[in-house]
$ cat start.pdb   # PDB, C-alpha atoms and all ligand atoms
ATOM      1  CA  MET A   8      -5.955  -8.257  12.918
ATOM      2  CA  THR A   9      -5.513  -6.043   9.913
ATOM      3  CA  GLY A  10      -2.105  -5.327   8.472
ATOM      4  CA  PHE A  11      -0.142  -2.106   8.270
ATOM      5  CA  ARG A  12       1.955  -0.280   5.717
ATOM      6  CA  ILE A  13       5.711   0.175   6.139
ATOM      7  CA  GLY A  14       7.042   3.234   4.293
ATOM      8  CA  THR A  15      10.599   3.298   2.980
ATOM      9  CA  ARG A  16      12.862   4.876   0.401
ATOM     10  CA  GLY A  17      13.437   2.755  -2.672
ATOM     11  CA  SER A  18      17.218   2.186  -2.560
ATOM     12  CA  PRO A  19      18.360  -1.434  -2.216
ATOM     13  CA  LEU A  20      19.660  -0.686   1.303
ATOM     14  CA  ALA A  21      16.426   1.020   2.357
ATOM     15  CA  LEU A  22      14.360  -1.877   0.978
ATOM     16  CA  THR A  23      16.517  -4.388   2.851
ATOM     17  CA  GLN A  24      16.086  -2.452   6.082
ATOM     18  CA  ALA A  25      12.319  -2.220   5.567
ATOM     19  CA  ALA A  26      12.221  -5.985   5.023
ATOM     20  CA  MET A  27      14.142  -6.471   8.296
ATOM     21  CA  VAL A  28      11.467  -4.453  10.088
ATOM     22  CA  ARG A  29       8.642  -6.342   8.360
ATOM     23  CA  ASP A  30      10.236  -9.698   9.303
ATOM     24  CA  ALA A  31      10.825  -8.640  12.931
ATOM     25  CA  LEU A  32       7.199  -7.496  13.258
ATOM     26  CA  LYS A  33       5.957 -10.725  11.679
ATOM     27  CA  ALA A  34       8.077 -12.804  14.075
ATOM     28  CA  ALA A  35       6.826 -10.804  17.074
ATOM     29  CA  HIS A  36       3.133 -10.548  16.172
ATOM     30  CA  GLY A  37       2.394 -12.833  13.232
ATOM     31  CA  ILE A  38       1.193  -9.844  11.184
ATOM     32  CA  GLU A  39       2.803  -9.161   7.827
ATOM     33  CA  GLY A  40       3.203  -5.508   6.902
ATOM     34  CA  GLU A  41       3.047  -4.227   3.345
ATOM     35  CA  ILE A  42       6.121  -2.342   2.125
ATOM     36  CA  VAL A  43       5.341   0.969   0.395
ATOM     37  CA  VAL A  44       8.118   2.833  -1.472
ATOM     38  CA  VAL A  45       8.157   6.625  -1.185
ATOM     39  CA  ARG A  46      10.582   8.615  -3.338
ATOM     40  CA  THR A  47      12.484  11.339  -1.445
ATOM     41  CA  THR A  48      14.204  14.548  -2.547
ATOM     42  CA  GLY A  49      17.572  13.047  -1.669
ATOM     43  CA  ASP A  50      16.940  10.193  -4.093
ATOM     44  CA  LYS A  51      16.044  12.562  -6.933
ATOM     45  CA  VAL A  52      19.115  14.802  -6.767
ATOM     46  CA  GLN A  53      22.303  12.813  -7.304
ATOM     47  CA  ASP A  54      24.776  15.229  -8.839
ATOM     48  CA  ARG A  55      25.353  17.819  -6.134
ATOM     49  CA  PRO A  56      26.622  17.709  -2.561
ATOM     50  CA  LEU A  57      23.579  17.389  -0.351
ATOM     51  CA  ALA A  58      24.772  20.365   1.675
ATOM     52  CA  GLU A  59      24.300  22.491  -1.473
ATOM     53  CA  ILE A  60      20.760  21.461  -2.308
ATOM     54  CA  GLY A  61      19.766  23.419   0.748
ATOM     55  CA  GLY A  62      16.698  22.687   2.713
ATOM     56  CA  LYS A  63      16.759  19.881   5.185
ATOM     57  CA  ALA A  64      14.794  16.711   5.514
ATOM     58  CA  LEU A  65      16.071  15.391   2.193
ATOM     59  CA  TRP A  66      15.395  11.814   3.129
ATOM     60  CA  THR A  67      12.430  12.331   5.420
ATOM     61  CA  LYS A  68      10.088  15.027   4.094
ATOM     62  CA  GLU A  69       8.096  12.826   1.717
ATOM     63  CA  LEU A  70       7.976   9.921   4.181
ATOM     64  CA  ASP A  71       6.779  12.330   6.899
ATOM     65  CA  ARG A  72       4.020  13.537   4.611
ATOM     66  CA  ALA A  73       2.956   9.974   3.744
ATOM     67  CA  LEU A  74       2.981   9.035   7.437
ATOM     68  CA  LEU A  75       0.986  12.055   8.589
ATOM     69  CA  GLY A  76      -1.386  11.659   5.633
ATOM     70  CA  GLY A  77      -2.155   8.071   6.619
ATOM     71  CA  GLU A  78      -0.695   6.538   3.436
ATOM     72  CA  ILE A  79       1.755   4.547   5.559
ATOM     73  CA  ASP A  80       1.648   3.516   9.235
ATOM     74  CA  CYS A  81       5.359   3.603   9.978
ATOM     75  CA  ALA A  82       8.526   4.792   8.236
ATOM     76  CA  VAL A  83      11.875   3.000   8.301
ATOM     77  CA  HIS A  84      15.010   5.147   8.277
ATOM     78  CA  SER A  85      18.764   4.877   8.552
ATOM     79  CA  MET A  86      18.935   6.943  11.739
ATOM     80  CA  LYS A  87      22.112   8.586  10.409
ATOM     81  CA  ASP A  88      19.995  10.345   7.760
ATOM     82  CA  VAL A  89      17.245  11.580  10.101
ATOM     83  CA  GLU A  90      17.452  15.243  11.219
ATOM     84  CA  THR A  91      17.758  15.852  14.945
ATOM     85  CA  VAL A  92      14.638  18.026  15.000
ATOM     86  CA  ARG A  93      11.552  16.083  13.910
ATOM     87  CA  PRO A  94       7.906  17.127  13.479
ATOM     88  CA  GLU A  95       6.037  17.058  16.781
ATOM     89  CA  ALA A  96       3.439  14.648  15.424
ATOM     90  CA  ILE A  97       6.049  11.972  14.639
ATOM     91  CA  VAL A  98       7.904   9.805  17.167
ATOM     92  CA  ILE A  99      10.691   7.255  16.918
ATOM     93  CA  ALA A 100       8.889   4.118  18.087
ATOM     94  CA  ALA A 101      11.734   1.601  17.887
ATOM     95  CA  MET A 102      15.283   0.946  16.795
ATOM     96  CA  LEU A 103      16.655  -2.383  15.575
ATOM     97  CA  PRO A 104      19.850  -3.719  17.175
ATOM     98  CA  ARG A 105      22.760  -1.675  15.879
ATOM     99  CA  ALA A 106      25.119  -3.212  13.330
ATOM    100  CA  ASP A 107      28.907  -2.756  13.110
ATOM    101  CA  VAL A 108      29.332   1.014  13.481
ATOM    102  CA  ARG A 109      32.681   1.276  11.671
ATOM    103  CA  ASP A 110      33.420   2.638   8.232
ATOM    104  CA  ARG A 111      35.129   0.412   5.689
ATOM    105  CA  LEU A 112      37.845   1.590   3.346
ATOM    106  CA  VAL A 113      37.421   0.224  -0.170
ATOM    107  CA  GLY A 114      40.409   0.429  -2.512
ATOM    108  CA  ALA A 115      43.239   0.116   0.034
ATOM    109  CA  GLU A 116      43.836  -1.906   3.179
ATOM    110  CA  THR A 117      44.515   1.059   5.441
ATOM    111  CA  LEU A 118      44.660   4.852   5.167
ATOM    112  CA  ALA A 119      48.464   4.554   5.514
ATOM    113  CA  ALA A 120      48.550   2.246   2.489
ATOM    114  CA  LEU A 121      46.904   4.769   0.147
ATOM    115  CA  LYS A 122      49.299   5.885  -2.581
ATOM    116  CA  PRO A 123      50.709   9.431  -2.265
ATOM    117  CA  GLY A 124      48.151  11.998  -3.420
ATOM    118  CA  ALA A 125      45.383   9.411  -3.627
ATOM    119  CA  VAL A 126      41.867  10.561  -4.523
ATOM    120  CA  ILE A 127      39.074   9.518  -2.148
ATOM    121  CA  GLY A 128      35.463   9.508  -3.303
ATOM    122  CA  THR A 129      33.082  10.689  -0.601
ATOM    123  CA  ALA A 130      30.233  13.133  -0.046
ATOM    124  CA  SER A 131      30.759  13.231   3.696
ATOM    125  CA  PRO A 132      32.535  16.224   5.272
ATOM    126  CA  ARG A 133      33.274  14.002   8.298
ATOM    127  CA  ARG A 134      34.966  11.285   6.254
ATOM    128  CA  ALA A 135      36.890  13.841   4.179
ATOM    129  CA  ALA A 136      38.212  15.582   7.312
ATOM    130  CA  GLN A 137      39.083  12.308   9.054
ATOM    131  CA  VAL A 138      41.006  10.998   6.055
ATOM    132  CA  LYS A 139      42.865  14.286   5.529
ATOM    133  CA  ARG A 140      43.789  14.410   9.187
ATOM    134  CA  HIS A 141      45.717  11.152   8.786
ATOM    135  CA  ARG A 142      46.719  11.750   5.167
ATOM    136  CA  PRO A 143      46.987  15.498   4.365
ATOM    137  CA  ASP A 144      48.213  14.578   0.862
ATOM    138  CA  VAL A 145      44.915  13.048  -0.278
ATOM    139  CA  THR A 146      42.169  14.913  -2.095
ATOM    140  CA  THR A 147      38.476  14.103  -2.282
ATOM    141  CA  VAL A 148      35.962  13.965  -5.120
ATOM    142  CA  LEU A 149      32.185  13.946  -4.694
ATOM    143  CA  PHE A 150      30.721  10.430  -4.542
ATOM    144  CA  ARG A 151      26.983  10.315  -4.108
ATOM    145  CA  GLY A 152      24.295   7.784  -4.805
ATOM    146  CA  ASN A 153      23.542   4.438  -3.240
ATOM    147  CA  VAL A 154      26.149   1.896  -2.215
ATOM    148  CA  ASP A 155      26.227   0.143  -5.608
ATOM    149  CA  THR A 156      26.538   3.457  -7.462
ATOM    150  CA  ARG A 157      29.536   4.422  -5.327
ATOM    151  CA  LEU A 158      31.213   1.049  -5.804
ATOM    152  CA  ALA A 159      30.634   1.365  -9.571
ATOM    153  CA  LYS A 160      32.241   4.833  -9.577
ATOM    154  CA  LEU A 161      35.240   3.378  -7.761
ATOM    155  CA  ALA A 162      35.465   0.467 -10.202
ATOM    156  CA  ALA A 163      35.315   2.984 -13.086
ATOM    157  CA  GLY A 164      38.406   4.705 -11.700
ATOM    158  CA  GLU A 165      36.728   7.928 -10.561
ATOM    159  CA  ALA A 166      38.684   7.622  -7.292
ATOM    160  CA  ASP A 167      41.412   5.447  -5.778
ATOM    161  CA  ALA A 168      39.363   4.556  -2.723
ATOM    162  CA  THR A 169      36.092   5.281  -0.958
ATOM    163  CA  LEU A 170      34.617   4.870   2.515
ATOM    164  CA  LEU A 171      31.299   3.172   3.189
ATOM    165  CA  ALA A 172      29.462   2.234   6.351
ATOM    166  CA  SER A 173      30.089  -1.373   7.315
ATOM    167  CA  ALA A 174      26.423  -1.643   8.310
ATOM    168  CA  GLY A 175      25.139  -0.818   4.848
ATOM    169  CA  LEU A 176      27.572  -3.156   3.106
ATOM    170  CA  ALA A 177      26.708  -6.003   5.480
ATOM    171  CA  ARG A 178      22.956  -5.543   5.059
ATOM    172  CA  LEU A 179      23.437  -5.748   1.301
ATOM    173  CA  GLY A 180      25.314  -9.033   1.779
ATOM    174  CA  ARG A 181      28.666  -7.439   0.924
ATOM    175  CA  HIS A 182      30.498  -8.096   4.186
ATOM    176  CA  ASP A 183      33.701  -8.786   2.306
ATOM    177  CA  VAL A 184      33.969  -5.427   0.512
ATOM    178  CA  GLY A 185      36.827  -3.266   1.810
ATOM    179  CA  HIS A 186      38.579  -3.222   5.176
ATOM    180  CA  ALA A 187      37.148  -2.031   8.493
ATOM    181  CA  VAL A 188      38.809   1.170   9.707
ATOM    182  CA  PRO A 189      39.510   0.906  13.464
ATOM    183  CA  LEU A 190      37.436   3.195  15.706
ATOM    184  CA  GLN A 191      40.678   4.714  17.017
ATOM    185  CA  VAL A 192      41.387   5.924  13.462
ATOM    186  CA  MET A 193      37.852   6.947  12.451
ATOM    187  CA  LEU A 194      34.913   7.349  14.797
ATOM    188  CA  PRO A 195      31.605   6.883  12.925
ATOM    189  CA  ALA A 196      28.898   9.414  12.144
ATOM    190  CA  PRO A 197      26.331   9.879  14.895
ATOM    191  CA  ALA A 198      23.675   7.127  14.582
ATOM    192  CA  GLN A 199      25.640   5.167  11.978
ATOM    193  CA  GLY A 200      24.540   1.540  11.772
ATOM    194  CA  ALA A 201      21.147   2.099  13.397
ATOM    195  CA  VAL A 202      17.737   1.563  11.766
ATOM    196  CA  GLY A 203      14.817   3.429  13.324
ATOM    197  CA  ILE A 204      11.077   3.208  12.827
ATOM    198  CA  GLU A 205       8.856   6.268  13.157
ATOM    199  CA  VAL A 206       5.091   6.370  13.685
ATOM    200  CA  ARG A 207       2.350   8.975  14.205
ATOM    201  CA  ALA A 208       2.578  10.242  17.783
ATOM    202  CA  GLY A 209      -0.950   9.175  18.698
ATOM    203  CA  ASP A 210      -0.926   5.774  17.008
ATOM    204  CA  SER A 211      -1.103   3.485  20.044
ATOM    205  CA  ARG A 212      -1.525   0.350  17.968
ATOM    206  CA  MET A 213       1.717   0.900  15.990
ATOM    207  CA  LEU A 214       3.533   2.103  19.115
ATOM    208  CA  GLY A 215       2.530  -1.125  20.848
ATOM    209  CA  LEU A 216       3.518  -3.369  17.943
ATOM    210  CA  LEU A 217       6.886  -1.667  17.534
ATOM    211  CA  ALA A 218       7.728  -1.716  21.267
ATOM    212  CA  ALA A 219       8.169  -5.474  20.899
ATOM    213  CA  ILE A 220      11.046  -5.097  18.424
ATOM    214  CA  ASP A 221      12.815  -2.132  20.067
ATOM    215  CA  HIS A 222      16.433  -2.585  21.164
ATOM    216  CA  PRO A 223      16.736  -0.293  24.209
ATOM    217  CA  ALA A 224      20.558  -0.118  24.309
ATOM    218  CA  THR A 225      20.718   0.942  20.652
ATOM    219  CA  ARG A 226      17.987   3.490  21.247
ATOM    220  CA  ALA A 227      19.740   4.998  24.305
ATOM    221  CA  CYS A 228      23.065   5.292  22.458
ATOM    222  CA  VAL A 229      21.617   6.702  19.246
ATOM    223  CA  LEU A 230      19.407   9.191  21.103
ATOM    224  CA  ALA A 231      22.480  10.379  23.037
ATOM    225  CA  GLU A 232      24.439  10.862  19.778
ATOM    226  CA  ARG A 233      21.503  12.747  18.255
ATOM    227  CA  ALA A 234      21.205  14.945  21.346
ATOM    228  CA  LEU A 235      24.912  15.761  21.034
ATOM    229  CA  LEU A 236      24.390  16.799  17.391
ATOM    230  CA  ALA A 237      21.434  18.940  18.396
ATOM    231  CA  ALA A 238      23.428  20.610  21.181
ATOM    232  CA  LEU A 239      26.203  21.384  18.670
ATOM    233  CA  LEU A 240      23.595  22.810  16.272
ATOM    234  CA  ALA A 241      25.144  20.365  13.815
ATOM    235  CA  ASP A 242      23.593  18.076  11.224
ATOM    236  CA  CYS A 243      24.681  15.176   9.035
ATOM    237  CA  HIS A 244      26.698  17.593   6.874
ATOM    238  CA  SER A 245      28.860  18.755   9.777
ATOM    239  CA  PRO A 246      32.324  17.268  10.284
ATOM    240  CA  VAL A 247      31.421  15.533  13.537
ATOM    241  CA  ALA A 248      31.966  11.959  14.635
ATOM    242  CA  ALA A 249      30.345  10.460  17.712
ATOM    243  CA  LEU A 250      29.781   7.083  19.276
ATOM    244  CA  ALA A 251      27.893   6.210  22.447
ATOM    245  CA  THR A 252      28.220   2.817  24.083
ATOM    246  CA  ILE A 253      26.594   1.231  27.124
ATOM    247  CA  GLU A 254      28.351  -1.046  29.568
ATOM    248  CA  GLY A 255      26.418  -2.093  32.617
ATOM    249  CA  ALA A 256      24.603   1.036  33.763
ATOM    250  CA  ILE A 257      27.140   3.477  32.269
ATOM    251  CA  LEU A 258      26.657   5.316  28.992
ATOM    252  CA  THR A 259      29.862   6.639  27.429
ATOM    253  CA  ILE A 260      29.808   9.198  24.604
ATOM    254  CA  GLU A 261      32.980   9.793  22.618
ATOM    255  CA  ALA A 262      33.035  12.520  19.988
ATOM    256  CA  GLU A 263      35.352  14.451  17.728
ATOM    257  CA  LEU A 264      34.851  17.684  15.762
ATOM    258  CA  PHE A 265      37.029  18.652  12.797
ATOM    259  CA  SER A 266      37.910  21.616  10.646
ATOM    260  CA  GLU A 267      37.092  21.060   6.967
ATOM    261  CA  ASP A 268      40.587  19.828   6.084
ATOM    262  CA  GLY A 269      40.958  17.824   9.287
ATOM    263  CA  SER A 270      44.079  19.714  10.363
ATOM    264  CA  ALA A 271      42.291  21.048  13.454
ATOM    265  CA  HIS A 272      40.173  18.846  15.685
ATOM    266  CA  VAL A 273      38.963  18.385  19.225
ATOM    267  CA  HIS A 274      38.194  15.093  20.951
ATOM    268  CA  GLY A 275      36.107  14.537  24.057
ATOM    269  CA  MET A 276      34.466  11.881  26.148
ATOM    270  CA  ILE A 277      31.846  11.840  28.896
ATOM    271  CA  GLU A 278      30.135   9.124  30.883
ATOM    272  CA  GLY A 279      27.094   8.902  33.100
ATOM    273  CA  ALA A 280      23.635   7.438  33.495
ATOM    274  CA  PRO A 281      21.962   6.441  30.180
ATOM    275  CA  GLU A 282      18.834   8.415  31.062
ATOM    276  CA  ASP A 283      20.709  11.626  32.008
ATOM    277  CA  PRO A 284      19.456  14.193  29.460
ATOM    278  CA  MET A 285      22.268  16.643  30.348
ATOM    279  CA  LEU A 286      25.102  14.322  29.332
ATOM    280  CA  PRO A 287      25.180  15.085  25.569
ATOM    281  CA  ALA A 288      24.825  18.831  26.189
ATOM    282  CA  ALA A 289      27.675  18.767  28.710
ATOM    283  CA  LEU A 290      29.940  17.031  26.177
ATOM    284  CA  ALA A 291      28.934  19.542  23.494
ATOM    285  CA  ARG A 292      29.843  22.441  25.780
ATOM    286  CA  ASP A 293      33.199  20.859  26.673
ATOM    287  CA  LEU A 294      34.042  20.267  22.996
ATOM    288  CA  LEU A 295      33.093  23.797  21.932
ATOM    289  CA  ASP A 296      35.040  25.296  24.874
ATOM    290  CA  ARG A 297      38.208  23.507  23.803
ATOM    291  CA  ALA A 298      37.731  23.616  20.004
ATOM    292  CA  PRO A 299      40.363  25.412  17.902
ATOM    293  CA  ASP A 300      38.884  28.437  16.068
ATOM    294  CA  ALA A 301      38.812  26.622  12.701
ATOM    295  CA  VAL A 302      36.592  23.966  14.297
ATOM    296  CA  ARG A 303      34.388  26.210  16.436
ATOM    297  CA  ALA A 304      33.589  28.329  13.371
ATOM    298  CA  LEU A 305      31.740  25.335  11.878
ATOM    299  CA  PHE A 306      29.554  24.680  14.923
ATOM    300  CA  ALA A 307      27.026  26.288  17.214
ATOM    301  CA  GLY A 308      26.135  29.077  14.786
TER     302      GLY A 308
HETATM  303  N1  LIG B 401      24.301   8.649   4.022
HETATM  304  C1  LIG B 401      23.952   7.440   3.342
HETATM  305  C2  LIG B 401      23.831   6.302   4.277
HETATM  306  N2  LIG B 401      22.925   6.282   5.270
HETATM  307  C3  LIG B 401      23.093   5.132   5.984
HETATM  308  C4  LIG B 401      24.119   4.407   5.394
HETATM  309  C5  LIG B 401      24.642   3.113   5.827
HETATM  310  C6  LIG B 401      23.863   2.380   6.883
HETATM  311  C7  LIG B 401      23.982   2.937   8.264
HETATM  312  O1  LIG B 401      24.921   3.666   8.611
HETATM  313  O2  LIG B 401      23.087   2.608   9.068
HETATM  314  C8  LIG B 401      24.581   5.133   4.295
HETATM  315  C9  LIG B 401      25.644   4.759   3.349
HETATM  316  C10 LIG B 401      27.048   4.928   3.893
HETATM  317  O3  LIG B 401      27.312   5.836   4.671
HETATM  318  O4  LIG B 401      27.927   4.144   3.494
END

$ encode --input "start.pdb" --output "structure tokens"
Amino acid sequence: MTGFRIGTRGSPLALTQAAMVRDALKAAHGIEGEIVVVRTTGDKVQDRPLAEIGGKALWTKELDRALLGGEIDCAVHSMKDVETVRPEAIVIAAMLPRADVRDRLVGAETLAALKPGAVIGTASPRRAAQVKRHRPDVTTVLFRGNVDTRLAKLAAGEADATLLASAGLARLGRHDVGHAVPLQVMLPAPAQGAVGIEVRAGDSRMLGLLAAIDHPATRACVLAERALLAALLADCHSPVAALATIEGAILTIEAELFSEDGSAHVHGMIEGAPEDPMLPAALARDLLDRAPDAVRALFAG
């Protein structure tokens, strides 16, 4: 059988994730895919908050084009960076088993241990709001770039601490960097820790190959978190945290929305059947109904 091309961004984390997909496909089918690097808008602009660059699809647009143009046969993404609304001609064919979903604090053992008035480097409105909720005295500075760039900025003293996804650190072999923040203190971003693989909607060969490496529980949870985001009309720049889990035949979604400075927030939880498409929308409605004004203003238009 002929091979296939696996499209990915060129960051060390993206390349590692693409290699995980290539290895899983080789183990399942004995076919070795070729990794093709595609440079995305998000990779080119490093000095501004992503929310300011405007336009969406910062990490996906060029990979979408390469996929639809037949230059690649699948595209590997951190699901956290994939918009909730995707082109009709592209489908998520598989997700790898989810990694540790927590954030890790680098530069202090706990949020409580940060020195008074500490400066946190982050580009994430969610992380900024969550930290300020627990520590109203801290301020944030913009930290962008890949994991190594952010760690270098921290080492150079541009901030006292930073937060990074445990999943990304672990995949880069840096399990020991920082300290995991408990889920009770910080819920993760929707889809954090999940790697997804997209293909052309009509490509039955790639759909078949990828079905063999899909992790259904991860897919159900991540799709529920994405549906919640969509129902909130939110995106990865919105201060929203969400985590779905499956136990037995019950899917539980927990979520929290914040005001920009974290001083206002609303928390909610819902459980039901994993395949119930109304579950995320029902949680979104409940959260928006109960949200303080400073939170509601940031969501649902
Ligand atoms: N927004 C960047 C991004 N996208 C995915 C990950 C980490 C891996 C993951 O969550 O799957 C990261 C870095 C981070 O947040 O520390």

$ resolve_selection --input "start.pdb" --expression "the PyMOL selection byres (((not hetatm)) within 9 of (chain B and resi 401))" --output "PyMOL selection string"
chain A and resi 20-21+84-88+105-111+130-131+151-154+157+170-178+195-202+243

$ atom_distance --input "start.pdb" --atom1 "CA of Leu103 in chain A" --atom2 "CA of Ala248 in chain A"
21.0 Å

$ resolve_selection --input "start.pdb" --expression "the PyMOL selection byres (((chain A and resi 276-283) around 8) and not hetatm)" --output "list in words"
Ala227, Cys228, Ile253, Ala256, Ile257, Leu258, Thr259, Ile260, Glu261, Ala262, His274, Gly275, Pro284, Met285, Leu286 and Leu290 of chain A

$ write_last_selection --input "start.pdb" --atoms "C-alpha atoms" --output "PDB file, keeping the file's coordinate frame"
ATOM      1  CA  ALA A 227      19.740   4.998  24.305  1.00  0.00           C
ATOM      2  CA  CYS A 228      23.065   5.292  22.458  1.00  0.00           C
ATOM      3  CA  ILE A 253      26.594   1.231  27.124  1.00  0.00           C
ATOM      4  CA  ALA A 256      24.603   1.036  33.763  1.00  0.00           C
ATOM      5  CA  ILE A 257      27.140   3.477  32.269  1.00  0.00           C
ATOM      6  CA  LEU A 258      26.657   5.316  28.992  1.00  0.00           C
ATOM      7  CA  THR A 259      29.862   6.639  27.429  1.00  0.00           C
ATOM      8  CA  ILE A 260      29.808   9.198  24.604  1.00  0.00           C
ATOM      9  CA  GLU A 261      32.980   9.793  22.618  1.00  0.00           C
ATOM     10  CA  ALA A 262      33.035  12.520  19.988  1.00  0.00           C
ATOM     11  CA  HIS A 274      38.194  15.093  20.951  1.00  0.00           C
ATOM     12  CA  GLY A 275      36.107  14.537  24.057  1.00  0.00           C
ATOM     13  CA  PRO A 284      19.456  14.193  29.460  1.00  0.00           C
ATOM     14  CA  MET A 285      22.268  16.643  30.348  1.00  0.00           C
ATOM     15  CA  LEU A 286      25.102  14.322  29.332  1.00  0.00           C
ATOM     16  CA  LEU A 290      29.940  17.031  26.177  1.00  0.00           C
TER      17      LEU A 290
END

$ closest_residue --input "start.pdb" --among "A:Ala73, A:Ala162, A:Ala136, A:Ala125" --to "Gly14 in chain A" --atoms "only C-alpha atoms"
A:Ala73

$ resolve_selection --input "start.pdb" --expression "the PyMOL selection byres (((chain A and resi 298) around 12) and not hetatm)" --output "compact mmCIF listing (two decimals) with C-alpha atoms, in the coordinates of the input"
# COMPACT_ATOMS: atom_id res chain seq x y z
CA LEU A 239 26.20 21.38 18.67
CA GLU A 263 35.35 14.45 17.73
CA LEU A 264 34.85 17.68 15.76
CA PHE A 265 37.03 18.65 12.80
CA SER A 266 37.91 21.62 10.65
CA ALA A 271 42.29 21.05 13.45
CA HIS A 272 40.17 18.85 15.68
CA VAL A 273 38.96 18.39 19.23
CA HIS A 274 38.19 15.09 20.95
CA GLY A 275 36.11 14.54 24.06
CA LEU A 290 29.94 17.03 26.18
CA ALA A 291 28.93 19.54 23.49
CA ARG A 292 29.84 22.44 25.78
CA ASP A 293 33.20 20.86 26.67
CA LEU A 294 34.04 20.27 23.00
CA LEU A 295 33.09 23.80 21.93
CA ASP A 296 35.04 25.30 24.87
CA ARG A 297 38.21 23.51 23.80
CA PRO A 299 40.36 25.41 17.90
CA ASP A 300 38.88 28.44 16.07
CA ALA A 301 38.81 26.62 12.70
CA VAL A 302 36.59 23.97 14.30
CA ARG A 303 34.39 26.21 16.44
CA ALA A 304 33.59 28.33 13.37
CA LEU A 305 31.74 25.34 11.88
CA PHE A 306 29.55 24.68 14.92
CA ALA A 307 27.03 26.29 17.21

$ residues_around --input "start.pdb" --residues "Leu65 in chain A" --least-positions-apart "6" --cutoff "7 Å" --atoms "all atoms listed in the file" --output "PyMOL selection string"
chain A and resi 47-49

$ residues_around --input "start.pdb" --residues "Glu39 in chain A" --least-positions-apart "6" --cutoff "10 Å" --atoms "all atoms listed in the file" --output "list in words"
Thr9, Gly10, Phe11, Arg12, Ile13, Arg29, Asp30, Ala31, Leu32 and Lys33 of chain A

$ closest_residue --input "start.pdb" --among "A:Ile220, A:Leu121, A:Val206, A:Val92" --to "Ala237 in chain A" --atoms "all atoms listed in the file"
A:Val92

$ atom_distance --input "start.pdb" --atom1 "CA of Lys139 in chain A" --atom2 "CA of Asp50 in chain A"
28.0 Å

$ residues_around --input "start.pdb" --residues "Val45 in chain A" --least-positions-apart "5" --cutoff "8 Å" --atoms "all atoms listed in the file" --output "PyMOL selection string"
chain A and resi 14-17+69-70+73

$ write_last_selection --input "start.pdb" --atoms "C-alpha atoms" --output "tab-separated table (two decimals), keeping the file's coordinate frame"
chain	number	residue	atom	x	y	z
A	14	GLY	CA	7.04	3.23	4.29
A	15	THR	CA	10.60	3.30	2.98
A	16	ARG	CA	12.86	4.88	0.40
A	17	GLY	CA	13.44	2.76	-2.67
A	69	GLU	CA	8.10	12.83	1.72
A	70	LEU	CA	7.98	9.92	4.18
A	73	ALA	CA	2.96	9.97	3.74

$ atom_distance --input "start.pdb" --atom1 "CA of Arg181 in chain A" --atom2 "CA of Ile127 in chain A"
20.1 Å

$ closest_residue --input "start.pdb" --among "A:Ala219, A:Glu205, A:Leu161, A:Glu90" --to "Ala241 in chain A" --atoms "only C-alpha atoms"
A:Glu90

$ residues_near_point --input "start.pdb" --point "(39.5, 0.1, 3.1)" --cutoff "12 Å" --atoms "only C-alpha atoms" --output "PyMOL selection string"
chain A and resi 109-121+127+138+167-173+183-189+193

$ closest_residue --input "start.pdb" --among "A:Gly128, A:Pro19, A:Pro246, A:Gly40" --to "Leu149 in chain A" --atoms "all atoms listed in the file"
A:Gly128

$ closest_residue --input "start.pdb" --among "A:Gln24, A:Ala288, A:Ile38, A:Met213" --to "Ile79 in chain A" --atoms "all atoms listed in the file"
A:Met213

$ decode --input "start.pdb" --residues "range 239-248 of chain A" --atoms "N, CA and C atoms" --output "PDB file, in the first residue's frame"
ATOM      1  N   LEU A 239     -21.389  28.632  23.939  1.00  0.00           N
ATOM      2  CA  LEU A 239     -21.096  29.897  24.636  1.00  0.00           C
ATOM      3  C   LEU A 239     -20.673  30.988  23.653  1.00  0.00           C
ATOM      4  N   LEU A 240     -20.580  30.633  22.372  1.00  0.00           N
ATOM      5  CA  LEU A 240     -20.008  31.516  21.353  1.00  0.00           C
ATOM      6  C   LEU A 240     -18.626  31.987  21.777  1.00  0.00           C
ATOM      7  N   ALA A 241     -17.896  31.087  22.444  1.00  0.00           N
ATOM      8  CA  ALA A 241     -16.561  31.410  22.941  1.00  0.00           C
ATOM      9  C   ALA A 241     -15.506  30.790  22.035  1.00  0.00           C
ATOM     10  N   ASP A 242     -14.261  31.174  22.245  1.00  0.00           N
ATOM     11  CA  ASP A 242     -13.158  30.551  21.515  1.00  0.00           C
ATOM     12  C   ASP A 242     -11.977  30.421  22.473  1.00  0.00           C
ATOM     13  N   CYS A 243     -10.799  30.085  21.927  1.00  0.00           N
ATOM     14  CA  CYS A 243      -9.677  29.802  22.824  1.00  0.00           C
ATOM     15  C   CYS A 243      -9.114  31.080  23.443  1.00  0.00           C
ATOM     16  N   HIS A 244      -9.689  32.244  23.097  1.00  0.00           N
ATOM     17  CA  HIS A 244      -9.259  33.482  23.752  1.00  0.00           C
ATOM     18  C   HIS A 244     -10.235  33.923  24.834  1.00  0.00           C
ATOM     19  N   SER A 245     -11.256  33.122  25.083  1.00  0.00           N
ATOM     20  CA  SER A 245     -12.257  33.477  26.089  1.00  0.00           C
ATOM     21  C   SER A 245     -11.840  32.893  27.438  1.00  0.00           C
ATOM     22  N   PRO A 246     -12.095  33.642  28.525  1.00  0.00           N
ATOM     23  CA  PRO A 246     -11.747  33.096  29.839  1.00  0.00           C
ATOM     24  C   PRO A 246     -12.718  32.014  30.277  1.00  0.00           C
ATOM     25  N   VAL A 247     -12.567  30.837  29.695  1.00  0.00           N
ATOM     26  CA  VAL A 247     -13.427  29.697  30.017  1.00  0.00           C
ATOM     27  C   VAL A 247     -12.563  28.471  30.248  1.00  0.00           C
ATOM     28  N   ALA A 248     -12.926  27.731  31.283  1.00  0.00           N
ATOM     29  CA  ALA A 248     -12.258  26.472  31.600  1.00  0.00           C
ATOM     30  C   ALA A 248     -13.317  25.383  31.564  1.00  0.00           C
TER      31      ALA A 248
END
